[in-house]
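Novice: Provided below: query_33.cif, containing mmCIF, C-alpha atoms.
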```cif
data_protein
#
loop_
_atom_site.label_atom_id
_atom_site.label_comp_id
_atom_site.auth_asym_id
_atom_site.auth_seq_id
_atom_site.Cartn_x
_atom_site.Cartn_y
_atom_site.Cartn_z
CA MET A 1 0.00 0.00 0.00
CA SER A 2 1.82 3.05 -1.21
CA ASP A 3 0.55 5.41 1.47
CA LEU A 4 1.53 3.09 4.29
CA GLY A 5 4.71 1.53 3.13
CA SER A 6 6.82 4.40 1.83
CA PRO A 7 10.04 4.17 3.73
CA ASP A 8 10.51 7.19 5.98
CA PRO A 9 14.11 7.50 7.11
CA THR A 10 13.10 9.75 9.99
CA LEU A 11 11.09 6.92 11.51
CA SER A 12 13.51 4.03 11.37
CA THR A 13 16.94 3.27 10.13
CA ARG A 14 16.73 -0.46 10.84
CA PRO A 15 16.68 -2.65 7.75
CA ALA A 16 13.22 -4.10 7.20
CA HIS A 17 14.40 -7.69 7.51
CA ALA A 18 15.77 -7.10 10.99
CA ALA A 19 12.78 -5.23 12.37
CA PRO A 20 10.13 -7.28 14.13
CA HIS A 21 6.80 -5.54 13.76
CA PRO A 22 5.05 -4.33 16.90
CA LEU A 23 2.70 -7.01 18.15
CA ALA A 24 -0.34 -4.75 18.01
CA ASP A 25 -3.29 -6.01 16.01
CA LEU A 26 -2.49 -9.70 16.40
CA ALA A 27 -4.44 -11.96 18.74
CA LEU A 28 -1.81 -14.70 18.54
CA PRO A 29 0.47 -14.43 21.60
CA ALA A 30 4.03 -13.26 20.97
CA GLU A 31 5.52 -16.63 21.98
CA ALA A 32 3.42 -18.40 19.37
CA GLN A 33 4.35 -15.78 16.76
CA ASP A 34 8.00 -16.50 17.51
CA LEU A 35 7.52 -20.28 17.43
CA LEU A 36 5.74 -20.29 14.07
CA PHE A 37 7.21 -17.33 12.20
CA ARG A 38 9.63 -14.86 13.80
CA GLU A 39 12.16 -17.21 15.38
CA ALA A 40 11.53 -20.28 13.23
CA ARG A 41 14.14 -20.91 10.57
CA THR A 42 14.81 -23.25 7.70
CA ALA A 43 17.29 -25.82 9.03
CA ASN A 44 20.22 -27.28 7.12
CA THR A 45 21.57 -29.58 9.87
CA PHE A 46 19.75 -31.73 12.41
CA THR A 47 20.45 -33.59 15.63
CA ASP A 48 20.05 -37.38 15.81
CA GLU A 49 16.82 -37.10 17.81
CA PRO A 50 14.14 -39.08 15.97
CA VAL A 51 10.96 -37.55 14.63
CA THR A 52 8.22 -39.97 15.61
CA ASP A 53 5.12 -41.11 13.77
CA GLU A 54 3.14 -39.64 16.65
CA GLN A 55 4.64 -36.20 16.01
CA VAL A 56 3.70 -36.40 12.35
CA ALA A 57 0.21 -37.54 13.30
CA ALA A 58 -0.16 -34.58 15.66
CA ILE A 59 0.97 -32.18 12.93
CA TYR A 60 -1.46 -33.60 10.40
CA ASP A 61 -4.31 -33.62 12.89
CA LEU A 62 -3.73 -29.90 13.40
CA VAL A 63 -3.21 -28.65 9.87
CA LYS A 64 -5.89 -30.81 8.23
CA TYR A 65 -8.45 -28.26 9.41
CA ALA A 66 -7.08 -25.43 7.25
CA PRO A 67 -9.11 -24.73 4.11
CA THR A 68 -8.85 -26.03 0.55
CA ALA A 69 -11.13 -25.30 -2.41
CA MET A 70 -14.25 -27.44 -2.13
CA ASN A 71 -12.49 -29.29 0.68
CA ILE A 72 -10.46 -31.25 -1.87
CA GLN A 73 -7.41 -31.81 0.41
CA PRO A 74 -5.01 -33.03 -2.29
CA LEU A 75 -1.81 -33.07 -0.18
CA ARG A 76 -0.16 -36.44 0.41
CA ILE A 77 2.84 -36.91 2.70
CA LEU A 78 5.32 -39.72 2.04
CA LEU A 79 7.57 -40.35 5.05
CA ILE A 80 11.08 -41.68 4.45
CA ARG A 81 13.10 -42.79 7.46
CA ASP A 82 14.79 -46.13 6.71
CA GLU A 83 18.03 -46.67 4.88
CA GLU A 84 16.76 -48.44 1.77
CA PRO A 85 14.05 -45.98 0.68
CA ARG A 86 16.30 -43.09 1.67
CA ALA A 87 19.01 -44.31 -0.70
CA ARG A 88 16.39 -44.45 -3.44
CA LEU A 89 15.39 -40.86 -2.64
CA LEU A 90 18.93 -39.48 -2.53
CA LYS A 91 19.55 -40.47 -6.16
CA HIS A 92 16.98 -37.90 -7.20
CA MET A 93 18.09 -35.01 -4.99
CA ALA A 94 20.20 -32.12 -6.33
CA ASP A 95 23.85 -32.33 -5.29
CA GLY A 96 23.58 -29.50 -2.77
CA ASN A 97 20.64 -31.16 -1.03
CA ARG A 98 21.93 -34.74 -0.85
CA ASP A 99 24.01 -34.66 2.34
CA LYS A 100 21.41 -32.97 4.49
CA THR A 101 18.69 -35.25 3.15
CA ALA A 102 20.90 -38.22 4.05
CA SER A 103 21.34 -37.04 7.63
CA ALA A 104 17.91 -35.66 8.61
CA PRO A 105 16.04 -37.93 11.05
CA LEU A 106 12.96 -37.91 8.83
CA VAL A 107 12.26 -36.81 5.26
CA ALA A 108 8.81 -36.03 3.87
CA VAL A 109 8.03 -36.01 0.17
CA LEU A 110 5.04 -33.70 -0.22
CA ALA A 111 2.91 -34.55 -3.23
CA ALA A 112 -0.40 -33.67 -4.87
CA ASP A 113 -2.97 -36.39 -5.47
CA THR A 114 -4.36 -35.59 -8.91
CA ASP A 115 -7.24 -38.00 -8.28
CA PHE A 116 -8.40 -36.09 -5.20
CA HIS A 117 -11.88 -35.88 -6.74
CA GLU A 118 -12.56 -39.53 -5.92
CA HIS A 119 -13.02 -38.50 -2.27
CA LEU A 120 -15.53 -35.71 -2.93
CA PRO A 121 -18.74 -37.73 -2.51
CA ARG A 122 -17.60 -38.18 1.11
CA THR A 123 -15.77 -34.90 1.75
CA PHE A 124 -18.16 -32.52 -0.05
CA PRO A 125 -21.39 -34.49 0.37
CA HIS A 126 -23.92 -31.67 0.01
CA PHE A 127 -22.96 -31.20 -3.69
CA PRO A 128 -23.34 -34.56 -5.45
CA GLY A 129 -21.94 -33.14 -8.71
CA ALA A 130 -18.64 -32.11 -7.13
CA LYS A 131 -16.66 -35.02 -8.50
CA ASP A 132 -17.87 -34.43 -12.06
CA ASN A 133 -16.67 -30.83 -11.82
CA PHE A 134 -13.15 -32.21 -12.05
CA ALA A 135 -13.53 -34.50 -15.05
CA ASP A 136 -10.86 -32.64 -17.07
CA PRO A 137 -7.48 -34.10 -16.04
CA VAL A 138 -5.44 -31.03 -17.02
CA ALA A 139 -7.53 -28.61 -14.98
CA ARG A 140 -7.69 -31.18 -12.18
CA GLU A 141 -3.91 -31.44 -11.95
CA GLN A 142 -3.63 -27.63 -11.81
CA THR A 143 -6.19 -27.52 -9.01
CA ALA A 144 -4.41 -30.34 -7.18
CA ARG A 145 -1.04 -28.59 -7.40
CA PHE A 146 -2.34 -25.22 -6.25
CA ASN A 147 -4.32 -26.55 -3.30
CA ALA A 148 -1.57 -28.97 -2.26
CA ALA A 149 0.81 -25.98 -2.22
CA LEU A 150 -1.57 -24.13 0.12
CA GLN A 151 -1.55 -27.22 2.33
CA ILE A 152 2.24 -27.35 2.23
CA GLY A 153 2.19 -23.83 3.65
CA TYR A 154 -0.07 -25.06 6.46
CA PHE A 155 2.12 -28.15 6.97
CA LEU A 156 5.32 -26.13 7.38
CA VAL A 157 3.58 -24.00 10.02
CA GLY A 158 2.43 -27.23 11.68
CA VAL A 159 5.98 -28.60 11.78
CA ARG A 160 6.96 -25.54 13.72
CA ALA A 161 3.94 -25.93 15.99
CA ALA A 162 5.51 -29.27 16.97
CA ASP A 163 8.75 -27.42 17.83
CA LEU A 164 10.52 -29.10 14.93
CA ALA A 165 12.55 -27.46 12.20
CA ALA A 166 11.80 -27.99 8.53
CA GLY A 167 14.25 -27.86 5.66
CA PRO A 168 12.12 -27.54 2.49
CA MET A 169 13.94 -28.24 -0.78
CA GLY A 170 12.87 -27.65 -4.34
CA GLY A 171 16.06 -29.05 -5.86
CA PHE A 172 15.22 -32.60 -6.93
CA ASP A 173 14.15 -34.56 -9.99
CA ALA A 174 10.37 -34.63 -9.56
CA PRO A 175 9.57 -37.08 -12.38
CA GLY A 176 12.34 -39.33 -11.04
CA ILE A 177 10.85 -39.33 -7.52
CA ASP A 178 7.36 -39.91 -8.91
CA GLU A 179 8.57 -42.92 -10.87
CA GLU A 180 10.61 -44.20 -7.92
CA PHE A 181 7.89 -43.98 -5.26
CA PHE A 182 4.58 -43.32 -6.99
CA ALA A 183 4.74 -45.48 -10.13
CA GLY A 184 1.22 -46.19 -11.34
CA ARG A 185 -0.29 -43.80 -8.77
CA PRO A 186 -1.71 -40.36 -9.51
CA LEU A 187 0.73 -38.50 -7.21
CA LYS A 188 3.01 -35.64 -8.25
CA SER A 189 5.85 -34.67 -5.91
CA LEU A 190 6.06 -30.93 -5.18
CA LEU A 191 8.56 -30.46 -2.36
CA VAL A 192 10.94 -32.54 -0.25
CA VAL A 193 11.27 -31.50 3.40
CA ASN A 194 13.83 -32.56 5.97
CA LEU A 195 12.44 -32.69 9.51
CA GLY A 196 14.14 -32.72 12.89
CA ARG A 197 15.61 -30.69 15.70
CA PRO A 198 18.12 -28.13 14.46
CA GLY A 199 21.74 -29.27 14.74
CA GLU A 200 24.99 -27.33 14.86
CA ASN A 201 25.17 -24.29 12.61
CA ALA A 202 21.69 -25.17 11.41
CA TRP A 203 20.98 -21.95 9.59
CA PHE A 204 22.40 -19.03 7.68
CA ASP A 205 21.65 -15.42 8.53
CA ARG A 206 18.04 -14.43 7.96
CA LEU A 207 17.65 -13.16 4.40
CA PRO A 208 15.94 -9.83 3.68
CA ARG A 209 12.19 -9.84 3.31
CA LEU A 210 10.36 -7.55 0.90
CA ASP A 211 8.99 -4.37 2.42
CA HIS A 212 5.28 -3.97 2.99
CA HIS A 213 4.93 -1.42 0.19
CA GLU A 214 6.50 -3.86 -2.29
CA VAL A 215 3.95 -6.57 -1.52
CA VAL A 216 0.69 -4.94 -0.35
CA LEU A 217 -0.99 -2.83 -3.03
CA SER A 218 -4.16 -0.80 -2.84
CA ALA A 219 -6.84 -0.45 -5.50
CA GLY A 220 -7.70 3.18 -4.86
CA ALA A 221 -11.08 4.62 -5.83
CA MET B 1 1.02 -44.48 7.36
CA SER B 2 -0.86 -47.70 7.17
CA ASP B 3 0.16 -49.04 10.56
CA LEU B 4 -0.91 -45.92 12.40
CA GLY B 5 -3.98 -44.77 10.63
CA SER B 6 -6.10 -47.87 10.27
CA PRO B 7 -9.40 -47.02 11.89
CA ASP B 8 -10.00 -49.11 14.98
CA PRO B 9 -13.68 -49.10 15.94
CA THR B 10 -12.87 -50.24 19.45
CA LEU B 11 -10.94 -47.03 20.06
CA SER B 12 -13.32 -44.41 18.80
CA THR B 13 -16.65 -44.18 17.11
CA ARG B 14 -16.45 -40.42 16.56
CA PRO B 15 -16.19 -39.36 12.94
CA ALA B 16 -12.69 -38.15 12.13
CA HIS B 17 -13.84 -34.64 11.26
CA ALA B 18 -15.38 -34.13 14.69
CA ALA B 19 -12.49 -35.52 16.70
CA PRO B 20 -9.85 -33.04 17.84
CA HIS B 21 -6.55 -34.83 18.24
CA PRO B 22 -4.99 -34.95 21.69
CA LEU B 23 -2.64 -32.03 22.12
CA ALA B 24 0.37 -34.22 22.87
CA ASP B 25 3.46 -33.66 20.74
CA LEU B 26 2.67 -30.03 19.87
CA ALA B 27 4.52 -27.14 21.48
CA LEU B 28 1.93 -24.63 20.26
CA PRO B 29 -0.50 -23.91 23.12
CA ALA B 30 -4.05 -25.26 22.72
CA GLU B 31 -5.56 -21.77 22.52
CA ALA B 32 -3.30 -20.91 19.60
CA GLN B 33 -4.12 -24.23 17.91
CA ASP B 34 -7.79 -23.33 18.19
CA LEU B 35 -7.29 -19.77 16.94
CA LEU B 36 -5.32 -20.82 13.86
CA PHE B 37 -6.72 -24.25 12.96
CA ARG B 38 -9.23 -26.09 15.12
CA GLU B 39 -11.83 -23.38 15.73
CA ALA B 40 -11.04 -21.14 12.75
CA ARG B 41 -13.52 -21.43 9.90
CA THR B 42 -14.01 -20.12 6.39
CA ALA B 43 -16.55 -17.29 6.71
CA ASN B 44 -19.35 -16.54 4.28
CA THR B 45 -20.83 -13.51 6.07
CA PHE B 46 -19.13 -10.63 7.88
CA THR B 47 -19.98 -7.84 10.30
CA ASP B 48 -19.55 -4.19 9.28
CA GLU B 49 -16.46 -3.79 11.44
CA PRO B 50 -13.66 -2.48 9.21
CA VAL B 51 -10.43 -4.33 8.60
CA THR B 52 -7.72 -1.70 8.90
CA ASP B 53 -4.52 -1.19 6.95
CA GLU B 54 -2.70 -1.63 10.25
CA GLN B 55 -4.19 -5.10 10.67
CA VAL B 56 -3.05 -6.09 7.18
CA ALA B 57 0.40 -4.67 7.91
CA ALA B 58 0.61 -6.72 11.11
CA ILE B 59 -0.40 -9.88 9.23
CA TYR B 60 2.19 -9.31 6.51
CA ASP B 61 4.89 -8.48 9.02
CA LEU B 62 4.25 -11.85 10.66
CA VAL B 63 3.91 -14.17 7.68
CA LYS B 64 6.69 -12.62 5.61
CA TYR B 65 9.18 -14.64 7.66
CA ALA B 66 7.89 -18.00 6.43
CA PRO B 67 10.07 -19.66 3.79
CA THR B 68 10.01 -19.56 0.00
CA ALA B 69 12.42 -21.19 -2.45
CA MET B 70 15.57 -19.06 -2.70
CA ASN B 71 13.69 -16.41 -0.72
CA ILE B 72 11.80 -15.39 -3.88
CA GLN B 73 8.64 -14.14 -2.05
CA PRO B 74 6.40 -13.88 -5.14
CA LEU B 75 3.10 -13.19 -3.31
CA ARG B 76 1.44 -9.83 -3.92
CA ILE B 77 -1.68 -8.67 -2.06
CA LEU B 78 -4.09 -6.24 -3.71
CA LEU B 79 -6.50 -4.70 -1.19
CA ILE B 80 -9.97 -3.66 -2.36
CA ARG B 81 -12.13 -1.68 0.02
CA ASP B 82 -13.75 1.25 -1.84
CA GLU B 83 -16.89 1.15 -3.93
CA GLU B 84 -15.45 1.85 -7.35
CA PRO B 85 -12.69 -0.80 -7.47
CA ARG B 86 -15.00 -3.25 -5.72
CA ALA B 87 -17.58 -2.88 -8.51
CA ARG B 88 -14.82 -3.60 -11.00
CA LEU B 89 -13.88 -6.73 -9.04
CA LEU B 90 -17.45 -8.03 -8.69
CA LYS B 91 -17.87 -8.25 -12.47
CA HIS B 92 -15.26 -11.00 -12.49
CA MET B 93 -16.51 -13.05 -9.53
CA ALA B 94 -18.58 -16.23 -10.00
CA ASP B 95 -22.28 -15.73 -9.27
CA GLY B 96 -22.17 -17.62 -5.98
CA ASN B 97 -19.29 -15.46 -4.69
CA ARG B 98 -20.58 -12.03 -5.73
CA ASP B 99 -22.83 -11.10 -2.80
CA LYS B 100 -20.35 -11.99 -0.09
CA THR B 101 -17.54 -10.22 -1.93
CA ALA B 102 -19.78 -7.15 -2.15
CA SER B 103 -20.43 -7.12 1.59
CA ALA B 104 -17.08 -8.09 3.14
CA PRO B 105 -15.30 -5.16 4.82
CA LEU B 106 -12.10 -5.85 2.89
CA VAL B 107 -11.24 -8.03 -0.09
CA ALA B 108 -7.72 -9.17 -0.99
CA VAL B 109 -6.73 -10.38 -4.44
CA LEU B 110 -3.74 -12.66 -3.91
CA ALA B 111 -1.45 -12.79 -6.91
CA ALA B 112 1.93 -14.13 -8.02
CA ASP B 113 4.57 -11.71 -9.31
CA THR B 114 6.12 -13.56 -12.25
CA ASP B 115 9.00 -11.05 -12.25
CA PHE B 116 9.96 -11.86 -8.68
CA HIS B 117 13.52 -12.53 -9.86
CA GLU B 118 14.19 -8.79 -10.22
CA HIS B 119 14.45 -8.61 -6.42
CA LEU B 120 16.97 -11.44 -6.02
CA PRO B 121 20.16 -9.36 -6.09
CA ARG B 122 18.83 -7.79 -2.87
CA THR B 123 16.94 -10.72 -1.31
CA PHE B 124 19.42 -13.52 -2.13
CA PRO B 125 22.64 -11.48 -2.19
CA HIS B 126 25.15 -14.27 -1.50
CA PHE B 127 24.39 -15.89 -4.89
CA PRO B 128 24.88 -13.27 -7.61
CA GLY B 129 23.64 -15.65 -10.33
CA ALA B 130 20.26 -16.17 -8.69
CA LYS B 131 18.37 -13.86 -11.01
CA ASP B 132 19.77 -15.54 -14.13
CA ASN B 133 18.53 -18.89 -12.83
CA PHE B 134 15.04 -17.70 -13.67
CA ALA B 135 15.59 -16.47 -17.21
CA ASP B 136 13.02 -18.89 -18.69
CA PRO B 137 9.60 -17.20 -18.37
CA VAL B 138 7.57 -20.43 -18.42
CA ALA B 139 9.54 -22.07 -15.61
CA ARG B 140 9.57 -18.76 -13.77
CA GLU B 141 5.79 -18.46 -13.82
CA GLN B 142 5.46 -22.02 -12.49
CA THR B 143 7.88 -21.22 -9.68
CA ALA B 144 6.03 -17.99 -8.93
CA ARG B 145 2.66 -19.74 -8.76
CA PHE B 146 3.88 -22.55 -6.52
CA ASN B 147 5.70 -20.34 -4.05
CA ALA B 148 2.93 -17.74 -3.98
CA ALA B 149 0.52 -20.57 -3.12
CA LEU B 150 2.76 -21.56 -0.19
CA GLN B 151 2.66 -17.94 0.92
CA ILE B 152 -1.13 -17.87 0.58
CA GLY B 153 -1.20 -20.75 3.05
CA TYR B 154 0.92 -18.68 5.44
CA PHE B 155 -1.25 -15.61 4.82
CA LEU B 156 -4.49 -17.42 5.68
CA VAL B 157 -2.91 -18.58 8.94
CA GLY B 158 -1.83 -14.96 9.55
CA VAL B 159 -5.37 -13.67 9.01
CA ARG B 160 -6.48 -15.98 11.80
CA ALA B 161 -3.57 -14.84 13.96
CA ALA B 162 -5.16 -11.38 13.75
CA ASP B 163 -8.46 -12.89 14.97
CA LEU B 164 -10.07 -12.24 11.60
CA ALA B 165 -11.97 -14.69 9.43
CA ALA B 166 -11.01 -15.35 5.83
CA GLY B 167 -13.30 -16.40 3.02
CA PRO B 168 -11.02 -17.70 0.24
CA MET B 169 -12.66 -18.09 -3.17
CA GLY B 170 -11.39 -19.78 -6.31
CA GLY B 171 -14.49 -18.96 -8.35
CA PHE B 172 -13.55 -15.92 -10.45
CA ASP B 173 -12.31 -15.02 -13.92
CA ALA B 174 -8.56 -14.80 -13.32
CA PRO B 175 -7.59 -13.36 -16.74
CA GLY B 176 -10.42 -10.83 -16.31
CA ILE B 177 -9.11 -9.71 -12.92
CA ASP B 178 -5.55 -9.57 -14.23
CA GLU B 179 -6.62 -7.34 -17.11
CA GLU B 180 -8.80 -5.21 -14.84
CA PHE B 181 -6.24 -4.56 -12.11
CA PHE B 182 -2.83 -5.69 -13.35
CA ALA B 183 -2.81 -4.65 -17.02
CA GLY B 184 0.77 -4.33 -18.21
CA ARG B 185 2.12 -5.77 -14.97
CA PRO B 186 3.56 -9.26 -14.47
CA LEU B 187 0.98 -10.30 -11.84
CA LYS B 188 -1.29 -13.38 -12.03
CA SER B 189 -4.25 -13.57 -9.65
CA LEU B 190 -4.52 -16.88 -7.78
CA LEU B 191 -7.17 -16.44 -5.08
CA VAL B 192 -9.65 -13.82 -3.89
CA VAL B 193 -10.17 -13.66 -0.11
CA ASN B 194 -12.87 -11.84 1.84
CA LEU B 195 -11.66 -10.57 5.22
CA GLY B 196 -13.54 -9.47 8.33
CA ARG B 197 -15.18 -10.52 11.54
CA PRO B 198 -17.64 -13.38 11.05
CA GLY B 199 -21.28 -12.24 10.76
CA GLU B 200 -24.56 -14.07 11.31
CA ASN B 201 -24.62 -17.68 10.14
CA ALA B 202 -21.07 -17.17 8.93
CA TRP B 203 -20.31 -20.82 8.25
CA PHE B 204 -21.64 -24.19 7.31
CA ASP B 205 -20.95 -27.35 9.31
CA ARG B 206 -17.33 -28.44 9.28
CA LEU B 207 -16.77 -30.78 6.34
CA PRO B 208 -15.04 -34.15 6.83
CA ARG B 209 -11.27 -34.22 6.67
CA LEU B 210 -9.34 -37.15 5.22
CA ASP B 211 -8.08 -39.65 7.75
CA HIS B 212 -4.42 -39.83 8.61
CA HIS B 213 -3.94 -43.15 6.78
CA GLU B 214 -5.34 -41.62 3.58
CA VAL B 215 -2.82 -38.79 3.60
CA VAL B 216 0.35 -39.93 5.38
CA LEU B 217 2.15 -42.77 3.61
CA SER B 218 5.28 -44.61 4.61
CA ALA B 219 8.12 -45.75 2.34
CA GLY B 220 8.93 -48.98 4.14
CA ALA B 221 12.33 -50.58 3.91
#
```
What do you get writing this file as structure tokens?

Specialist:
Amino acid sequence: MSDLGSPDPTLSTRPAHAAPHPLADLALPAEAQDLLFREARTANTFTDEPVTDEQVAAIYDLVKYAPTAMNIQPLRILLIRDEEPRARLLKHMADGNRDKTASAPLVAVLAADTDFHEHLPRTFPHFPGAKDNFADPVAREQTARFNAALQIGYFLVGVRAADLAAGPMGGFDAPGIDEEFFAGRPLKSLLVVNLGRPGENAWFDRLPRLDHHEVVLSAGA
Amino acid sequence: MSDLGSPDPTLSTRPAHAAPHPLADLALPAEAQDLLFREARTANTFTDEPVTDEQVAAIYDLVKYAPTAMNIQPLRILLIRDEEPRARLLKHMADGNRDKTASAPLVAVLAADTDFHEHLPRTFPHFPGAKDNFADPVAREQTARFNAALQIGYFLVGVRAADLAAGPMGGFDAPGIDEEFFAGRPLKSLLVVNLGRPGENAWFDRLPRLDHHEVVLSAGA
């Protein structure tokens, strides 16, 4: 919003990325803001402490309530912990992501189910035609990818709600992972995420965020 | 995960969508879980209470810290409050979304900036070649859409952190909105969201969520 965001050097000389906003106007307590957003960081190293199935279940049972279009819920979460499937995963990771993916206590491949519409008679029961709305496979895959990405946003917040660190990675061979783990199934991998407690030197310095006036625009009358 | 999620009728006869998970394994306090996920609902009606620019600024200054690939931050938020731009927006909304979009105190058009890479010399400064990584416009738009969708997930959580209700809508003419509000600019609208305090009969019954075993899969050794 141009009238709000114009930088005014008389007000602050702190760089925007280092300046926590006053807590006014948020109902969420400051400690929870820190846990989920302000202090949470993308981790590149992890301790050996396991991430349990119960922790993943608690995360899913929190974030499943966040909204998707027509309640389609296309996100699928493939957990990789053991040595054999992990070796199969590492083949498809970009070089710079391989070591940390090898050492994280748990890795999640986040994917979109492009046949999400099969669940709609149960998950959107008041509209019997819902499933037929998604007959076109090209449009359906687009819808699956977009809504699964929303749910990935919720999931990463949920990981932090469990006091775990996430290391999301886009650098991998998606068709290779799909063939390796999802052959014959309608799943498309979108993101690979390392999960665990942060280890030594787990993160780099916080990178600059865009200023409010660069992101929030106003359609004036 | 098949060994965790199999429904066991001896344990519970409550439908999954009505059964809050025990709070074990989450560091986020129960009240914050309720505010952001368990009690929060998609609203279809709103009170007249305004949503202020300061509230939007507080939301952005919280959710901006959540991660995007290479810190690209492609989400843009167009705020529509006044009568004239709102009338221009309503033309492009699906019939079933028009009345609530007309009456919400504030409407946000959430869009992806497909020229996000112009900011990378500042926002990803340790890798001078970052901008050139995104020279291909087709791949760049895909990256923009995916990461903006992640950020929309964060944004919807942030709206709830401000104790506001969101009404996200996918039913609109996206090219029409882009031409109407973003002509000549590299922005692609992804979602339109009504914002405000919930009004009378603001929501329908909670729809069923998928069970854990339908979503969380395990790559066994």

Novice: With a cut-off of 6 Å, could you pull out the residues of chain B touching chain A and give me the nearest pair of atoms for each, distance in Å to one decimal, using all atoms listed in the file, ordered by chain and ascending number, as a Markdown table?

Specialist:
```
| residue | atom | partner | partner_atom | distance |
| --- | --- | --- | --- | --- |
| B:His21 | CA | A:Asp61 | CA | 5.9 |
| B:Asp25 | CA | A:Gln55 | CA | 5.5 |
| B:Leu26 | CA | A:Ala162 | CA | 4.1 |
| B:Ala27 | CA | A:Ala162 | CA | 5.1 |
| B:Leu28 | CA | A:Ala161 | CA | 4.9 |
| B:Phe37 | CA | A:Tyr65 | CA | 5.6 |
| B:Gln55 | CA | A:Asp25 | CA | 5.5 |
| B:Asp61 | CA | A:His21 | CA | 5.9 |
| B:Tyr65 | CA | A:Phe37 | CA | 5.6 |
| B:Ala66 | CA | A:Phe37 | CA | 5.8 |
| B:Arg76 | CA | A:Val215 | CA | 4.8 |
| B:Ile77 | CA | A:Val216 | CA | 4.7 |
| B:Leu78 | CA | A:Leu217 | CA | 4.7 |
| B:Leu79 | CA | A:Ser218 | CA | 4.8 |
| B:Ile80 | CA | A:Ala219 | CA | 5.5 |
| B:Asp82 | CA | A:Ala221 | CA | 5.9 |
| B:Glu84 | CA | A:Ala221 | CA | 5.4 |
| B:Pro85 | CA | A:Ala221 | CA | 5.9 |
| B:Thr123 | CA | A:Pro208 | CA | 5.2 |
| B:Ala149 | CA | A:Leu150 | CA | 5.2 |
| B:Leu150 | CA | A:Gly153 | CA | 4.5 |
| B:Gly153 | CA | A:Leu150 | CA | 4.5 |
| B:Tyr154 | CA | A:Gly153 | CA | 5.6 |
| B:Ala161 | CA | A:Leu28 | CA | 4.9 |
| B:Ala162 | CA | A:Leu26 | CA | 4.1 |
| B:Asp163 | CA | A:Ala27 | CA | 5.6 |
| B:Pro208 | CA | A:Thr123 | CA | 5.2 |
| B:Val215 | CA | A:Arg76 | CA | 4.8 |
| B:Val216 | CA | A:Ile77 | CA | 4.7 |
| B:Leu217 | CA | A:Leu78 | CA | 4.7 |
| B:Ser218 | CA | A:Leu79 | CA | 4.9 |
| B:Ala219 | CA | A:Ile80 | CA | 5.5 |
| B:Ala221 | CA | A:Glu84 | CA | 5.4 |
```

Novice: Env of B:Lys131: 7 Å cut, atoms = all atoms listed in the file, seq-sep filter 5 positions within chain, self excluded. Answer as a ChimeraX atom specification.

Specialist: /B:117-118,120-121

Novice: Atom CA of A:Ile177 and atom CA of A:His92 are how many Å apart?

Specialist: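 Pair atom CA of A:Ile177 / atom CA of A:His92 returns 6.3 Å.
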
Novice: List the residues sitting within 12 Å of (21.2, -26.7, 12.9) in the file's frame, using only C-alpha atoms, as an NGL selection string.

Specialist: :A and (40-48 or 100 or 103-104 or 164-167 or 194-204)

Novice: Just give me the gap between atom CA of A:Gly96 and atom CA of A:Ala144 in Å, one decimal is fine.

Specialist: 28.3 Å

Novice: Please indicate the distance in Å from atom CA of B:Met93 to atom CA of B:Ala112, rounded to one decimal place.

Specialist: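 So the two atoms, atom CA of B:Met93 and atom CA of B:Ala112, lie 18.5 Å apart.
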
Novice: Leaving out A:Ala102 and any residue of its chain fewer than 4 positions from it, which residues lie within 9 Å of it when counting all atoms listed in the file, given as a list in words?

Specialist: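 Contacts, in chain order: Glu83, Arg86, Ala87, Leu90, Asn97, Arg98 and Val107 of chain A.
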